[in-house]
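A.B. asks: See final_31.pdb below, with PDB, C-alpha atoms.
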ATOM      1  CA  MET A   1      -2.125  -8.865  22.348
ATOM      2  CA  SER A   2      -5.675  -7.925  21.348
ATOM      3  CA  PHE A   3      -8.392  -5.477  22.257
ATOM      4  CA  ASN A   4     -12.153  -5.696  22.485
ATOM      5  CA  PHE A   5     -14.458  -3.187  20.797
ATOM      6  CA  ASN A   6     -18.207  -3.622  21.316
ATOM      7  CA  GLY A   7     -17.816  -7.384  21.615
ATOM      8  CA  LEU A   8     -15.488  -7.697  18.611
ATOM      9  CA  THR A   9     -11.914  -8.760  19.319
ATOM     10  CA  PHE A  10      -9.111  -7.343  17.208
ATOM     11  CA  LEU A  11      -5.413  -8.168  17.251
ATOM     12  CA  ASN A  12      -3.304  -5.197  18.207
ATOM     13  CA  PRO A  13      -1.014  -4.794  15.177
ATOM     14  CA  GLU A  14       1.200  -2.336  17.054
ATOM     15  CA  SER A  15       2.448  -5.213  19.215
ATOM     16  CA  THR A  16       3.980  -6.864  16.120
ATOM     17  CA  LEU A  17       5.831  -3.848  14.732
ATOM     18  CA  THR A  18       9.550  -3.832  14.080
ATOM     19  CA  GLU A  19      11.609  -1.114  15.718
ATOM     20  CA  GLN A  20      11.752   0.924  12.498
ATOM     21  CA  GLU A  21       8.019   0.481  11.875
ATOM     22  CA  LYS A  22       7.334   1.798  15.387
ATOM     23  CA  LYS A  23       9.526   4.832  14.759
ATOM     24  CA  VAL A  24       7.770   5.602  11.474
ATOM     25  CA  TYR A  25       4.336   5.030  12.994
ATOM     26  CA  ASP A  26       5.137   7.357  15.894
ATOM     27  CA  LEU A  27       6.136  10.133  13.451
ATOM     28  CA  ILE A  28       2.821   9.973  11.590
ATOM     29  CA  PRO A  29       0.322  12.467  13.065
ATOM     30  CA  THR A  30      -3.437  12.105  13.327
ATOM     31  CA  GLY A  31      -5.582  14.022  10.855
ATOM     32  CA  LYS A  32      -4.969  14.749   7.188
ATOM     33  CA  GLU A  33      -4.459  18.435   7.972
ATOM     34  CA  ASN A  34      -1.353  17.390   9.946
ATOM     35  CA  ALA A  35       0.067  15.035   7.306
ATOM     36  CA  VAL A  36       3.854  14.788   7.124
ATOM     37  CA  PRO A  37       5.810  14.243   3.911
ATOM     38  CA  VAL A  38       7.964  11.215   3.203
ATOM     39  CA  ASP A  39      11.021  13.496   3.191
ATOM     40  CA  TYR A  40      10.388  14.564   6.777
ATOM     41  CA  ILE A  41      10.170  10.973   8.034
ATOM     42  CA  ALA A  42      13.192   9.897   5.977
ATOM     43  CA  GLN A  43      15.357  12.771   7.210
ATOM     44  CA  THR A  44      14.243  12.348  10.825
ATOM     45  CA  LEU A  45      15.137   8.643  10.807
ATOM     46  CA  ALA A  46      18.116   8.961   8.429
ATOM     47  CA  ILE A  47      16.668   6.449   5.962
ATOM     48  CA  SER A  48      15.717   6.675   2.295
ATOM     49  CA  ASN A  49      12.351   7.866   1.022
ATOM     50  CA  ARG A  50      11.882   4.479  -0.645
ATOM     51  CA  HIS A  51      12.426   2.727   2.695
ATOM     52  CA  VAL A  52       9.844   4.978   4.376
ATOM     53  CA  ILE A  53       7.328   4.108   1.657
ATOM     54  CA  GLU A  54       8.010   0.394   2.150
ATOM     55  CA  LEU A  55       7.676   0.691   5.940
ATOM     56  CA  VAL A  56       4.338   2.511   5.590
ATOM     57  CA  ARG A  57       3.197  -0.235   3.208
ATOM     58  CA  ASN A  58       4.110  -2.797   5.893
ATOM     59  CA  LEU A  59       2.208  -0.796   8.518
ATOM     60  CA  ARG A  60      -0.871  -0.786   6.304
ATOM     61  CA  LEU A  61      -0.505  -4.529   5.721
ATOM     62  CA  LYS A  62      -0.571  -4.883   9.508
ATOM     63  CA  SER A  63      -3.978  -3.161   9.413
ATOM     64  CA  LEU A  64      -2.932   0.178  10.832
ATOM     65  CA  ASP A  65      -5.040   3.180   9.821
ATOM     66  CA  ILE A  66      -2.679   5.279   7.719
ATOM     67  CA  GLY A  67      -3.826   7.555   4.948
ATOM     68  CA  SER A  68      -1.865   9.654   2.523
ATOM     69  CA  ASN A  69      -2.168  12.242  -0.161
ATOM     70  CA  GLN A  70       0.312  13.327  -2.804
ATOM     71  CA  SER A  71       0.589  16.923  -1.719
ATOM     72  CA  HIS A  72       0.986  16.584   2.051
ATOM     73  CA  GLY A  73       2.104  13.059   2.991
ATOM     74  CA  TYR A  74       1.060  10.503   5.587
ATOM     75  CA  TYR A  75      -1.461  10.770   8.401
ATOM     76  CA  LYS A  76      -3.458   8.544  10.754
ATOM     77  CA  PHE A  77      -7.198   8.665  10.176
ATOM     78  CA  LYS A  78      -8.912  10.809  12.788
ATOM     79  CA  ASN A  79     -12.458   9.807  11.804
ATOM     80  CA  LEU A  80     -14.562   7.697   9.463
ATOM     81  CA  GLU A  81     -14.834  10.546   6.958
ATOM     82  CA  GLU A  82     -11.068  10.644   6.443
ATOM     83  CA  TYR A  83     -10.944   6.870   6.167
ATOM     84  CA  SER A  84     -13.805   6.729   3.643
ATOM     85  CA  GLU A  85     -12.367   9.565   1.568
ATOM     86  CA  PHE A  86      -8.945   7.911   1.433
ATOM     87  CA  MET A  87     -10.375   4.486   0.577
ATOM     88  CA  ALA A  88     -12.489   5.891  -2.259
ATOM     89  CA  ARG A  89      -9.444   7.695  -3.689
ATOM     90  CA  TYR A  90      -7.216   4.621  -3.253
ATOM     91  CA  LYS A  91      -9.752   2.301  -4.914
ATOM     92  CA  LYS A  92     -10.154   4.716  -7.816
ATOM     93  CA  LYS A  93      -6.379   4.782  -8.286
ATOM     94  CA  GLN A  94      -6.282   0.974  -8.174
ATOM     95  CA  ASP A  95      -9.093   0.726 -10.735
ATOM     96  CA  ARG A  96      -7.166   3.030 -13.097
ATOM     97  CA  SER A  97      -4.036   0.895 -12.678
ATOM     98  CA  ASN A  98      -5.990  -2.289 -13.359
ATOM     99  CA  HIS A  99      -7.447  -0.708 -16.503
ATOM    100  CA  VAL A 100      -3.944   0.065 -17.779
ATOM    101  CA  LEU A 101      -2.748  -3.465 -16.952
ATOM    102  CA  LYS A 102      -5.584  -4.985 -18.975
ATOM    103  CA  ALA A 103      -4.739  -2.729 -21.910
ATOM    104  CA  LEU A 104      -1.061  -3.689 -21.694
ATOM    105  CA  GLU A 105      -2.027  -7.358 -21.919
ATOM    106  CA  LYS A 106      -3.239  -6.638 -25.468
ATOM    107  CA  THR A 107      -0.131  -4.865 -26.780
ATOM    108  CA  PRO A 108       2.018  -6.330 -29.575
ATOM    109  CA  MET A 109       4.696  -7.328 -27.043
ATOM    110  CA  ALA A 110       2.093  -9.149 -24.946
ATOM    111  CA  GLN A 111       0.886 -10.972 -28.067
ATOM    112  CA  LYS A 112       4.469 -12.029 -28.885
ATOM    113  CA  LEU A 113       4.878 -13.375 -25.368
ATOM    114  CA  LEU A 114       1.620 -15.309 -25.641
ATOM    115  CA  ILE A 115       2.711 -16.870 -28.954
ATOM    116  CA  GLN A 116       6.125 -17.708 -27.531
ATOM    117  CA  THR A 117       4.562 -19.314 -24.443
ATOM    118  CA  ASN A 118       2.104 -21.324 -26.551
ATOM    119  CA  ASN A 119       4.917 -22.523 -28.825
ATOM    120  CA  SER A 120       6.979 -23.576 -25.805
ATOM    121  CA  ILE A 121       4.050 -25.566 -24.442
ATOM    122  CA  LYS A 122       3.551 -27.265 -27.826
ATOM    123  CA  ASP A 123       7.262 -28.125 -27.992
ATOM    124  CA  GLU A 124       7.152 -29.618 -24.476
ATOM    125  CA  LYS A 125       4.121 -31.744 -25.410
ATOM    126  CA  LYS A 126       5.898 -33.039 -28.538
ATOM    127  CA  LYS A 127       8.897 -34.077 -26.437
ATOM    128  CA  ALA A 128       6.702 -35.939 -23.942
TER     129      ALA A 128
END
Kindly return the structure encoded in the file as structure tokens.
C.D. replies:
Amino acid sequence: MSFNFNGLTFLNPESTLTEQEKKVYDLIPTGKENAVPVDYIAQTLAISNRHVIELVRNLRLKSLDIGSNQSHGYYKFKNLEEYSEFMARYKKKQDRSNHVLKALEKTPMAQKLLIQTNNSIKDEKKKA
């Protein structure tokens, strides 16, 4: 199923949702001022917080407009401002994570792993 918006055709991701994804999606309100916490969704559906987080991740991967914030929870974007604000915050968080990952690649343990991997490759070449 798809829909047409100003000549652009988009797949309707809601038509491909699992039953649990639909239930979670239906519990998420529109507007960040109405955001609901993970606990609320988990308790309502009698599932774990971790499972709610995974289901929301799946919903986002299906291109559904779901924002979140640490203090209030999940919400559907009500306008472009909410979407843009969330995306800027999410990208900033991702950039910080990437910065930490790059730093961790230079730690002593990372260097040991690199040496070990290089030695294994050398050993394999000698055997060949």
A.B. asks: I'd like the interatomic distance between CA of Asn58 (chain A) and CA of Tyr83 (chain A), to a tenth of an Å.
C.D. replies: 17.9 Å
A.B. asks: Grab the CA of Ala42 (chain A) to CA of Val24 (chain A) distance for me, in Å with one decimal place.
C.D. replies: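 Rounded to one decimal, the two atoms are 8.8 Å apart.
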A.B. asks: Just say which residues the PyMOL selection byres ((chain A and resi 29) around 12) picks in this file, as a PyMOL selection string.
C.D. replies: chain A and resi 24-28+30-37+41+65-68+72-78
A.B. asks: What does the distance between CA of Lys126 (chain A) and CA of Leu114 (chain A) come to in Å, to one decimal place?
C.D. replies: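 One can read the CA of Lys126 (chain A) to CA of Leu114 (chain A) distance as 18.5 Å.
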A.B. asks: Could you list, as a list in words, every residue within 12 Å of Leu45 (chain A), counting all atoms listed in the file and ignoring same-chain residues fewer than 2 positions away?
C.D. replies: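 So the residues in contact are Glu19, Gln20, Glu21, Lys22, Lys23, Val24, Tyr25, Asp26, Leu27, Val38, Asp39, Tyr40, Ile41, Ala42, Gln43, Ile47, Ser48, Asn49, His51, Val52 and Leu55 of chain A.
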A.B. asks: Edge lengths and centre in Å to one decimal, as lines of an AutoDock Vina configuration file, is what I'm after for the box along x, y and z that holds all listed atoms of region 101-118 of chain A once 3 Å is added on each side.
C.D. replies:
center_x = 0.3
center_y = -12.0
center_z = -23.3
size_x = 17.7
size_y = 24.6
size_z = 18.6
A.B. asks: With distances taken over only C-alpha atoms, which residue among A:Met87, A:Leu80, A:Leu17, A:Leu113 lies nearest Leu61 (chain A)?
C.D. replies: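 Between A:Met87, A:Leu80, A:Leu17, A:Leu113, the residue approaching Leu61 (chain A) most closely is A:Leu17.
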A.B. asks: Which of these, A:Thr44, A:Tyr90, A:Leu59, A:Met109, has the shortest distance to Thr18 (chain A) once you count all atoms listed in the file?
C.D. replies: A:Leu59
